[in-house]
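Chemist: Next comes upload.pdb, PDB, C-alpha atoms, pLDDT in the B column:
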ATOM      1  CA  MET A   7      39.768 -38.070  82.779  1.00 52.00           C
ATOM      2  CA  ALA A   8      41.140 -38.869  79.347  1.00 90.00           C
ATOM      3  CA  LYS A   9      43.482 -41.638  80.409  1.00 96.00           C
ATOM      4  CA  ASP A  10      43.174 -44.404  82.951  1.00 98.00           C
ATOM      5  CA  VAL A  11      46.506 -46.206  83.309  1.00 98.00           C
ATOM      6  CA  ARG A  12      47.028 -48.779  86.024  1.00 97.00           C
ATOM      7  CA  ILE A  13      49.210 -51.655  87.101  1.00 97.00           C
ATOM      8  CA  LEU A  14      47.070 -54.123  89.022  1.00 97.00           C
ATOM      9  CA  HIS A  15      48.540 -56.339  91.697  1.00 96.00           C
ATOM     10  CA  GLY A  16      45.374 -58.370  92.085  1.00 93.00           C
ATOM     11  CA  GLU A  17      42.681 -59.533  89.722  1.00 93.00           C
ATOM     12  CA  LEU A  18      41.693 -57.779  86.539  1.00 97.00           C
ATOM     13  CA  SER A  19      37.939 -57.700  86.023  1.00 97.00           C
ATOM     14  CA  PRO A  20      37.374 -56.549  82.422  1.00 98.00           C
ATOM     15  CA  GLY A  21      33.578 -56.360  82.739  1.00 98.00           C
ATOM     16  CA  THR A  22      33.650 -54.053  85.728  1.00 98.00           C
ATOM     17  CA  ALA A  23      36.414 -51.896  84.272  1.00 98.00           C
ATOM     18  CA  MET A  24      34.554 -51.563  80.956  1.00 98.00           C
ATOM     19  CA  ASN A  25      31.303 -50.549  82.637  1.00 98.00           C
ATOM     20  CA  LEU A  26      33.116 -47.802  84.557  1.00 97.00           C
ATOM     21  CA  PHE A  27      35.025 -46.663  81.470  1.00 98.00           C
ATOM     22  CA  SER A  28      31.852 -46.527  79.390  1.00 97.00           C
ATOM     23  CA  ALA A  29      30.053 -44.537  82.105  1.00 97.00           C
ATOM     24  CA  ALA A  30      33.003 -42.122  82.266  1.00 97.00           C
ATOM     25  CA  HIS A  31      32.715 -41.367  78.527  1.00 97.00           C
ATOM     26  CA  PRO A  32      29.064 -40.785  77.677  1.00 95.00           C
ATOM     27  CA  GLU A  33      30.209 -38.508  74.836  1.00 95.00           C
ATOM     28  CA  ALA A  34      31.891 -41.371  72.940  1.00 96.00           C
ATOM     29  CA  GLY A  35      30.227 -42.850  69.877  1.00 95.00           C
ATOM     30  CA  GLY A  36      31.966 -46.158  70.388  1.00 97.00           C
ATOM     31  CA  ILE A  37      34.440 -48.086  72.492  1.00 98.00           C
ATOM     32  CA  VAL A  38      36.886 -50.710  71.280  1.00 98.00           C
ATOM     33  CA  SER A  39      38.370 -52.999  73.906  1.00 98.00           C
ATOM     34  CA  PHE A  40      40.865 -55.824  73.931  1.00 98.00           C
ATOM     35  CA  VAL A  41      41.320 -58.350  76.727  1.00 98.00           C
ATOM     36  CA  GLY A  42      44.567 -60.310  76.683  1.00 96.00           C
ATOM     37  CA  LYS A  43      44.503 -63.578  78.610  1.00 95.00           C
ATOM     38  CA  VAL A  44      47.162 -65.977  79.804  1.00 94.00           C
ATOM     39  CA  ARG A  45      47.110 -68.347  76.842  1.00 89.00           C
ATOM     40  CA  PRO A  46      46.294 -71.927  77.812  1.00 87.00           C
ATOM     41  CA  ASP A  47      49.388 -73.339  76.171  1.00 82.00           C
ATOM     42  CA  LYS A  48      51.354 -76.536  76.071  1.00 77.00           C
ATOM     43  CA  ASP A  49      52.275 -77.356  79.613  1.00 90.00           C
ATOM     44  CA  VAL A  50      52.232 -73.943  81.275  1.00 92.00           C
ATOM     45  CA  GLU A  51      50.986 -74.298  84.843  1.00 94.00           C
ATOM     46  CA  GLU A  52      51.523 -70.763  86.033  1.00 95.00           C
ATOM     47  CA  LEU A  53      52.736 -67.417  84.752  1.00 95.00           C
ATOM     48  CA  GLU A  54      54.383 -64.660  86.719  1.00 96.00           C
ATOM     49  CA  LEU A  55      54.917 -61.106  85.590  1.00 96.00           C
ATOM     50  CA  LYS A  56      57.466 -58.858  87.231  1.00 96.00           C
ATOM     51  CA  HIS A  57      57.645 -55.137  86.764  1.00 96.00           C
ATOM     52  CA  TYR A  58      59.887 -52.312  87.963  1.00 97.00           C
ATOM     53  CA  ALA A  59      57.637 -49.623  89.372  1.00 92.00           C
ATOM     54  CA  PRO A  60      59.735 -46.554  88.450  1.00 94.00           C
ATOM     55  CA  LEU A  61      59.835 -47.566  84.776  1.00 97.00           C
ATOM     56  CA  THR A  62      56.770 -49.668  84.082  1.00 96.00           C
ATOM     57  CA  LEU A  63      54.011 -47.247  85.042  1.00 96.00           C
ATOM     58  CA  ALA A  64      55.858 -44.233  83.598  1.00 95.00           C
ATOM     59  CA  GLY A  65      56.285 -46.135  80.319  1.00 96.00           C
ATOM     60  CA  MET A  66      52.577 -46.981  80.191  1.00 97.00           C
ATOM     61  CA  GLU A  67      51.672 -43.342  80.863  1.00 97.00           C
ATOM     62  CA  GLU A  68      53.938 -42.263  77.988  1.00 96.00           C
ATOM     63  CA  LEU A  69      52.322 -44.838  75.715  1.00 97.00           C
ATOM     64  CA  ALA A  70      48.878 -43.536  76.659  1.00 98.00           C
ATOM     65  CA  ASP A  71      49.958 -39.967  75.902  1.00 98.00           C
ATOM     66  CA  ALA A  72      51.386 -41.003  72.522  1.00 97.00           C
ATOM     67  CA  THR A  73      48.165 -42.848  71.663  1.00 98.00           C
ATOM     68  CA  LEU A  74      45.985 -39.901  72.691  1.00 98.00           C
ATOM     69  CA  ALA A  75      48.155 -37.574  70.616  1.00 97.00           C
ATOM     70  CA  ARG A  76      47.812 -39.727  67.505  1.00 97.00           C
ATOM     71  CA  TRP A  77      44.061 -40.371  67.388  1.00 97.00           C
ATOM     72  CA  ALA A  78      40.991 -38.328  68.260  1.00 96.00           C
ATOM     73  CA  LEU A  79      39.905 -40.139  71.413  1.00 98.00           C
ATOM     74  CA  ASP A  80      37.563 -39.299  74.245  1.00 97.00           C
ATOM     75  CA  GLY A  81      39.340 -41.679  76.586  1.00 98.00           C
ATOM     76  CA  LEU A  82      41.943 -44.415  76.799  1.00 98.00           C
ATOM     77  CA  LEU A  83      42.286 -47.201  79.346  1.00 98.00           C
ATOM     78  CA  LEU A  84      45.391 -49.324  79.889  1.00 98.00           C
ATOM     79  CA  HIS A  85      45.207 -51.832  82.744  1.00 98.00           C
ATOM     80  CA  HIS A  86      47.930 -54.440  83.150  1.00 98.00           C
ATOM     81  CA  ARG A  87      48.254 -57.119  85.777  1.00 97.00           C
ATOM     82  CA  THR A  88      51.485 -58.087  87.456  1.00 97.00           C
ATOM     83  CA  GLY A  89      52.301 -60.972  89.782  1.00 97.00           C
ATOM     84  CA  PRO A  90      51.297 -64.635  89.581  1.00 97.00           C
ATOM     85  CA  MET A  91      48.479 -65.791  87.288  1.00 97.00           C
ATOM     86  CA  HIS A  92      47.037 -68.903  85.703  1.00 96.00           C
ATOM     87  CA  PRO A  93      46.069 -69.905  82.155  1.00 95.00           C
ATOM     88  CA  GLY A  94      42.809 -68.228  81.167  1.00 95.00           C
ATOM     89  CA  ASP A  95      43.250 -65.277  83.548  1.00 96.00           C
ATOM     90  CA  PRO A  96      42.852 -61.798  82.018  1.00 97.00           C
ATOM     91  CA  ILE A  97      46.269 -60.129  82.048  1.00 97.00           C
ATOM     92  CA  VAL A  98      45.728 -56.899  80.110  1.00 97.00           C
ATOM     93  CA  LEU A  99      42.791 -54.677  79.172  1.00 98.00           C
ATOM     94  CA  VAL A 100      43.059 -51.907  76.600  1.00 98.00           C
ATOM     95  CA  ALA A 101      40.072 -49.744  75.696  1.00 98.00           C
ATOM     96  CA  ALA A 102      39.698 -46.694  73.485  1.00 98.00           C
ATOM     97  CA  ALA A 103      36.599 -44.500  73.449  1.00 98.00           C
ATOM     98  CA  ALA A 104      36.099 -42.229  70.465  1.00 98.00           C
ATOM     99  CA  ARG A 105      33.542 -40.285  68.508  1.00 96.00           C
ATOM    100  CA  HIS A 106      34.223 -42.554  65.504  1.00 95.00           C
ATOM    101  CA  ARG A 107      35.060 -46.230  65.419  1.00 96.00           C
ATOM    102  CA  ARG A 108      38.178 -46.197  63.228  1.00 97.00           C
ATOM    103  CA  ASP A 109      40.056 -44.029  65.701  1.00 97.00           C
ATOM    104  CA  ALA A 110      39.049 -46.382  68.505  1.00 98.00           C
ATOM    105  CA  PHE A 111      40.047 -49.562  66.637  1.00 98.00           C
ATOM    106  CA  GLN A 112      43.414 -48.210  65.565  1.00 98.00           C
ATOM    107  CA  ALA A 113      44.251 -46.630  68.910  1.00 98.00           C
ATOM    108  CA  ALA A 114      43.493 -49.865  70.785  1.00 98.00           C
ATOM    109  CA  GLU A 115      45.654 -51.879  68.411  1.00 97.00           C
ATOM    110  CA  PHE A 116      48.502 -49.364  68.544  1.00 97.00           C
ATOM    111  CA  ALA A 117      48.474 -49.369  72.342  1.00 97.00           C
ATOM    112  CA  MET A 118      48.304 -53.149  72.498  1.00 96.00           C
ATOM    113  CA  ASP A 119      51.157 -53.667  70.011  1.00 94.00           C
ATOM    114  CA  HIS A 120      53.343 -51.356  72.066  1.00 95.00           C
ATOM    115  CA  LEU A 121      52.403 -52.951  75.368  1.00 95.00           C
ATOM    116  CA  LYS A 122      53.313 -56.365  73.961  1.00 92.00           C
ATOM    117  CA  SER A 123      56.761 -55.369  72.795  1.00 88.00           C
ATOM    118  CA  ASP A 124      57.894 -52.266  74.688  1.00 88.00           C
ATOM    119  CA  ALA A 125      56.385 -52.382  78.151  1.00 94.00           C
ATOM    120  CA  TRP A 126      58.720 -52.990  81.085  1.00 96.00           C
ATOM    121  CA  PHE A 127      57.509 -56.443  82.091  1.00 96.00           C
ATOM    122  CA  TRP A 128      59.455 -59.616  82.595  1.00 96.00           C
ATOM    123  CA  LYS A 129      57.553 -62.849  82.329  1.00 95.00           C
ATOM    124  CA  ARG A 130      58.276 -66.340  83.506  1.00 95.00           C
ATOM    125  CA  GLU A 131      56.365 -69.565  83.050  1.00 94.00           C
ATOM    126  CA  LYS A 132      56.230 -72.609  85.227  1.00 95.00           C
ATOM    127  CA  ARG A 133      56.365 -75.839  83.250  1.00 93.00           C
ATOM    128  CA  ALA A 134      56.660 -79.257  84.912  1.00 93.00           C
ATOM    129  CA  GLY A 135      57.309 -77.469  88.210  1.00 94.00           C
ATOM    130  CA  GLU A 136      60.223 -75.400  86.840  1.00 95.00           C
ATOM    131  CA  TRP A 137      60.298 -71.653  86.145  1.00 95.00           C
ATOM    132  CA  HIS A 138      61.552 -70.395  82.770  1.00 94.00           C
ATOM    133  CA  TRP A 139      62.005 -66.747  81.751  1.00 94.00           C
ATOM    134  CA  VAL A 140      60.198 -65.833  78.543  1.00 91.00           C
ATOM    135  CA  GLU A 141      62.429 -64.288  75.877  1.00 84.00           C
ATOM    136  CA  PRO A 142      61.199 -61.440  73.648  1.00 80.00           C
ATOM    137  CA  ARG A 143      59.280 -62.596  70.558  1.00 79.00           C
ATOM    138  CA  ALA A 144      60.377 -61.391  67.130  1.00 79.00           C
ATOM    139  CA  GLU A 145      56.726 -61.166  66.004  1.00 79.00           C
ATOM    140  CA  ASP A 146      56.022 -58.512  68.628  1.00 77.00           C
ATOM    141  CA  HIS A 147      58.668 -56.283  67.106  1.00 77.00           C
ATOM    142  CA  THR A 148      57.379 -56.949  63.581  1.00 82.00           C
ATOM    143  CA  ASP A 149      53.915 -55.897  64.767  1.00 82.00           C
ATOM    144  CA  LEU A 150      55.396 -52.656  66.033  1.00 85.00           C
ATOM    145  CA  ALA A 151      57.062 -51.794  62.724  1.00 86.00           C
ATOM    146  CA  ARG A 152      53.609 -51.201  61.208  1.00 88.00           C
ATOM    147  CA  TRP A 153      53.202 -48.006  63.207  1.00 90.00           C
ATOM    148  CA  THR A 154      56.411 -46.225  62.256  1.00 85.00           C
TER     149      THR A 154
ATOM    150  CA  MET B  13      72.852 -47.394  97.498  1.00 96.00           C
ATOM    151  CA  LYS B  14      70.799 -50.186  96.040  1.00 97.00           C
ATOM    152  CA  LEU B  15      71.127 -52.504  93.040  1.00 98.00           C
ATOM    153  CA  VAL B  16      67.850 -53.931  91.690  1.00 98.00           C
ATOM    154  CA  PHE B  17      67.921 -57.054  89.533  1.00 98.00           C
ATOM    155  CA  LEU B  18      65.062 -57.701  87.106  1.00 97.00           C
ATOM    156  CA  GLY B  19      64.022 -60.841  85.264  1.00 95.00           C
ATOM    157  CA  LYS B  20      66.608 -63.571  84.958  1.00 94.00           C
ATOM    158  CA  LEU B  21      69.270 -61.317  86.467  1.00 97.00           C
ATOM    159  CA  ALA B  22      67.493 -61.712  89.822  1.00 96.00           C
ATOM    160  CA  ASP B  23      67.986 -65.476  89.511  1.00 95.00           C
ATOM    161  CA  LEU B  24      71.682 -65.017  88.725  1.00 96.00           C
ATOM    162  CA  ALA B  25      72.042 -62.613  91.655  1.00 96.00           C
ATOM    163  CA  GLY B  26      70.147 -64.925  93.983  1.00 95.00           C
ATOM    164  CA  ALA B  27      68.114 -61.948  95.249  1.00 95.00           C
ATOM    165  CA  PRO B  28      65.904 -59.194  93.825  1.00 96.00           C
ATOM    166  CA  ASP B  29      68.165 -56.454  95.182  1.00 97.00           C
ATOM    167  CA  LYS B  30      71.403 -55.771  97.011  1.00 96.00           C
ATOM    168  CA  ASP B  31      72.768 -52.878  99.048  1.00 97.00           C
ATOM    169  CA  VAL B  32      76.257 -51.736  98.113  1.00 96.00           C
ATOM    170  CA  PRO B  33      78.358 -48.762  99.180  1.00 95.00           C
ATOM    171  CA  GLY B  34      78.616 -45.803  96.793  1.00 91.00           C
ATOM    172  CA  PRO B  35      79.948 -44.187  94.760  1.00 97.00           C
ATOM    173  CA  LEU B  36      79.761 -46.654  91.894  1.00 97.00           C
ATOM    174  CA  ASP B  37      80.792 -46.419  88.249  1.00 97.00           C
ATOM    175  CA  TRP B  38      80.559 -49.046  85.495  1.00 98.00           C
ATOM    176  CA  ARG B  39      83.863 -50.763  86.420  1.00 97.00           C
ATOM    177  CA  GLY B  40      82.911 -50.685  90.080  1.00 97.00           C
ATOM    178  CA  LEU B  41      79.534 -52.217  89.282  1.00 97.00           C
ATOM    179  CA  LEU B  42      81.089 -55.102  87.342  1.00 97.00           C
ATOM    180  CA  ASP B  43      83.512 -55.714  90.230  1.00 96.00           C
ATOM    181  CA  ARG B  44      80.454 -56.180  92.470  1.00 95.00           C
ATOM    182  CA  LEU B  45      78.783 -58.719  90.152  1.00 96.00           C
ATOM    183  CA  PRO B  46      80.495 -62.091  90.239  1.00 88.00           C
ATOM    184  CA  GLY B  47      80.652 -64.655  87.415  1.00 94.00           C
ATOM    185  CA  PRO B  48      77.590 -65.136  85.183  1.00 96.00           C
ATOM    186  CA  LEU B  49      75.829 -62.081  86.613  1.00 97.00           C
ATOM    187  CA  GLY B  50      78.671 -59.791  85.535  1.00 96.00           C
ATOM    188  CA  GLU B  51      78.886 -61.470  82.135  1.00 96.00           C
ATOM    189  CA  ALA B  52      75.132 -61.067  81.587  1.00 96.00           C
ATOM    190  CA  THR B  53      75.266 -57.417  82.664  1.00 97.00           C
ATOM    191  CA  LYS B  54      77.941 -56.717  80.049  1.00 96.00           C
ATOM    192  CA  GLY B  55      75.610 -58.102  77.337  1.00 95.00           C
ATOM    193  CA  ALA B  56      74.526 -55.564  74.719  1.00 93.00           C
ATOM    194  CA  LYS B  57      70.833 -56.075  75.502  1.00 93.00           C
ATOM    195  CA  VAL B  58      71.068 -55.402  79.226  1.00 96.00           C
ATOM    196  CA  LYS B  59      70.298 -51.802  80.144  1.00 97.00           C
ATOM    197  CA  LEU B  60      70.813 -49.820  83.328  1.00 98.00           C
ATOM    198  CA  ALA B  61      68.454 -47.355  84.930  1.00 98.00           C
ATOM    199  CA  LEU B  62      69.628 -44.813  87.491  1.00 98.00           C
ATOM    200  CA  ASN B  63      66.795 -43.656  89.778  1.00 97.00           C
ATOM    201  CA  GLY B  64      64.174 -44.661  87.200  1.00 95.00           C
ATOM    202  CA  THR B  65      65.873 -43.195  84.126  1.00 96.00           C
ATOM    203  CA  VAL B  66      67.357 -45.578  81.557  1.00 97.00           C
ATOM    204  CA  LEU B  67      70.954 -44.691  80.709  1.00 97.00           C
ATOM    205  CA  ALA B  68      71.744 -44.203  77.026  1.00 97.00           C
ATOM    206  CA  ASP B  69      75.268 -45.460  77.729  1.00 97.00           C
ATOM    207  CA  LYS B  70      75.474 -47.811  80.699  1.00 97.00           C
ATOM    208  CA  THR B  71      79.258 -47.542  80.856  1.00 97.00           C
ATOM    209  CA  ALA B  72      78.745 -43.875  81.825  1.00 97.00           C
ATOM    210  CA  LEU B  73      77.142 -44.939  85.119  1.00 97.00           C
ATOM    211  CA  ALA B  74      77.876 -42.570  87.989  1.00 97.00           C
ATOM    212  CA  ALA B  75      75.875 -43.521  91.086  1.00 97.00           C
ATOM    213  CA  ASN B  76      76.182 -42.318  94.661  1.00 97.00           C
ATOM    214  CA  ASP B  77      74.866 -43.243  98.092  1.00 96.00           C
ATOM    215  CA  GLY B  78      71.065 -43.081  98.138  1.00 97.00           C
ATOM    216  CA  ASP B  79      70.788 -43.901  94.426  1.00 98.00           C
ATOM    217  CA  GLU B  80      69.021 -46.912  92.937  1.00 98.00           C
ATOM    218  CA  VAL B  81      70.543 -48.704  89.963  1.00 98.00           C
ATOM    219  CA  ALA B  82      68.305 -51.204  88.155  1.00 98.00           C
ATOM    220  CA  LEU B  83      69.742 -53.906  85.884  1.00 98.00           C
ATOM    221  CA  LEU B  84      67.280 -54.542  83.072  1.00 97.00           C
ATOM    222  CA  PRO B  85      67.452 -57.564  80.767  1.00 96.00           C
ATOM    223  CA  PRO B  86      65.322 -57.520  77.575  1.00 93.00           C
ATOM    224  CA  VAL B  87      61.633 -57.319  78.419  1.00 92.00           C
ATOM    225  CA  SER B  88      59.324 -60.221  77.648  1.00 86.00           C
ATOM    226  CA  GLY B  89      56.533 -57.771  76.883  1.00 75.00           C
ATOM    227  CA  GLY B  90      53.088 -57.507  78.358  1.00 72.00           C
TER     228      GLY B  90
END
Could you take the file, read its structure, and then write that structure out as structure tokens?

Modeler:
Amino acid sequence: MAKDVRILHGELSPGTAMNLFSAAHPEAGGIVSFVGKVRPDKDVEELELKHYAPLTLAGMEELADATLARWALDGLLLHHRTGPMHPGDPIVLVAAAARHRRDAFQAAEFAMDHLKSDAWFWKREKRAGEWHWVEPRAEDHTDLARWT
Amino acid sequence: MKLVFLGKLADLAGAPDKDVPGPLDWRGLLDRLPGPLGEATKGAKVKLALNGTVLADKTALAANDGDEVALLPPVSGG
């Protein structure tokens, strides 16, 4: 099982997922992981992510394939939450297992940069009781330009 | 056939999806989307997907009964 790509409708438990991923790749010399959390920011009370099943999961699978094709990895994990969440909640977990650490570091960062800018998710924030859709951030696209 | 509205387009539509009779082309789609929803859909950054495949040219839409057309505003990212 080289890739483990999921959209989670409930909680994301990075510790549990990492233990399973590590156990699944005893051959790896190292694992790099990144946990993205709902940033405790300004006056955000709640965050909601929406996805479109036919596109979102297929897009994440394609991203995983592209990442596996670019670096020598033993395994790659992409788990992303959807639905309502609160500041501090884990929202995304990316992990790359590899024989050597540089491949794992770069693969995890590549996958994360693409998830942040390309993935089919729409996000809204509740501030002072009102929902606001989050517009794309220019920085996310700048981050992506590094990989071309 | 079904129209699916994502992100802020769902707010403009007042619902996450809507059943409409097919067949449907780009002009027919715009006729079905009143006011701000139609205007937003015409925007350069809004894409269309037909049965899970994003159209390179949304004005070439050709959907029939049983199809699902998704209206996709720019993503906020993960």

Chemist: Can you check which residues of chain A have any atom within 9 Å of chain B? Use only C-alpha atoms and format it as a ChimeraX atom specification.

Modeler: /A:55-61,86-87,97-98,118,120-130,138-143,146

Chemist: Please write as a ChimeraX atom specification the full residue list that the PyMOL selection byres ((chain A and resi 81) around 7) yields on this file.

Modeler: /A:8-9,31,79-80,82-83,102-104

Chemist: Just need the box for segment 65-76 of chain B, edges along x, y and z, holding every atom the file lists for it with 8 Å tacked onto each side, so centre and edge lengths in Å to one decimal, as JSON.

Modeler:
{"center_x": 72.6, "center_y": -45.1, "center_z": 85.8, "size_x": 29.4, "size_y": 21.5, "size_z": 33.6}

Chemist: Which residues match the PyMOL selection byres ((chain A and resi 38-54) around 8) in the file above, as an mmCIF file with C-alpha atoms, in the frame of the given file?

Modeler:
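The result, stored in part_19.cif:
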data_model
loop_
_atom_site.group_PDB
_atom_site.id
_atom_site.type_symbol
_atom_site.label_atom_id
_atom_site.label_comp_id
_atom_site.auth_asym_id
_atom_site.auth_seq_id
_atom_site.Cartn_x
_atom_site.Cartn_y
_atom_site.Cartn_z
ATOM 1 C CA PRO A 20 37.374 -56.549 82.422
ATOM 2 C CA GLY A 36 31.966 -46.158 70.388
ATOM 3 C CA ILE A 37 34.440 -48.086 72.492
ATOM 4 C CA LEU A 55 54.917 -61.106 85.590
ATOM 5 C CA LYS A 56 57.466 -58.858 87.231
ATOM 6 C CA THR A 88 51.485 -58.087 87.456
ATOM 7 C CA GLY A 89 52.301 -60.972 89.782
ATOM 8 C CA PRO A 90 51.297 -64.635 89.581
ATOM 9 C CA MET A 91 48.479 -65.791 87.288
ATOM 10 C CA HIS A 92 47.037 -68.903 85.703
ATOM 11 C CA PRO A 93 46.069 -69.905 82.155
ATOM 12 C CA GLY A 94 42.809 -68.228 81.167
ATOM 13 C CA ASP A 95 43.250 -65.277 83.548
ATOM 14 C CA PRO A 96 42.852 -61.798 82.018
ATOM 15 C CA ILE A 97 46.269 -60.129 82.048
ATOM 16 C CA VAL A 98 45.728 -56.899 80.110
ATOM 17 C CA LEU A 99 42.791 -54.677 79.172
ATOM 18 C CA VAL A 100 43.059 -51.907 76.600
ATOM 19 C CA ALA A 101 40.072 -49.744 75.696
ATOM 20 C CA ALA A 102 39.698 -46.694 73.485
ATOM 21 C CA ALA A 103 36.599 -44.500 73.449
ATOM 22 C CA ARG A 107 35.060 -46.230 65.419
ATOM 23 C CA ALA A 110 39.049 -46.382 68.505
ATOM 24 C CA PHE A 111 40.047 -49.562 66.637
ATOM 25 C CA ALA A 114 43.493 -49.865 70.785
ATOM 26 C CA LYS A 129 57.553 -62.849 82.329
ATOM 27 C CA ARG A 130 58.276 -66.340 83.506
ATOM 28 C CA GLU A 131 56.365 -69.565 83.050
ATOM 29 C CA LYS A 132 56.230 -72.609 85.227
ATOM 30 C CA ARG A 133 56.365 -75.839 83.250
ATOM 31 C CA ALA A 134 56.660 -79.257 84.912
ATOM 32 C CA GLY A 135 57.309 -77.469 88.210
#

Chemist: Evaluate the PyMOL selection byres ((chain B and resi 55) around 12) here and jot the selected residues down as a PyMOL selection string.

Modeler: chain B and resi 21+42+48-54+56-60+70-71+83-86

Chemist: Can you tell me how far atom CA of Arg105 of chain A sits from atom CA of Ala30 of chain A, in Å to one decimal?

Modeler: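 Straight-line distance from atom CA of Arg105 of chain A to atom CA of Ala30 of chain A works out to 13.9 Å.
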
Chemist: Which distance in Å separates atom CA of Gly16 of chain A and atom CA of Asp149 of chain A, to one decimal?

Modeler: 28.7 Å

Chemist: In Å, with one decimal, what is the gap from atom CA of Met13 of chain B to atom CA of Ala72 of chain B?

Modeler: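 Going from atom CA of Met13 of chain B over to atom CA of Ala72 of chain B covers 17.1 Å.
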
Chemist: I need every residue sitting at most 10 Å from the point (68.3, -47.4, 95.6) (coordinates as in the file, only C-alpha atoms considered), written as a ChimeraX atom specification.

Modeler: /B:13-16,29-32,62-64,75-82
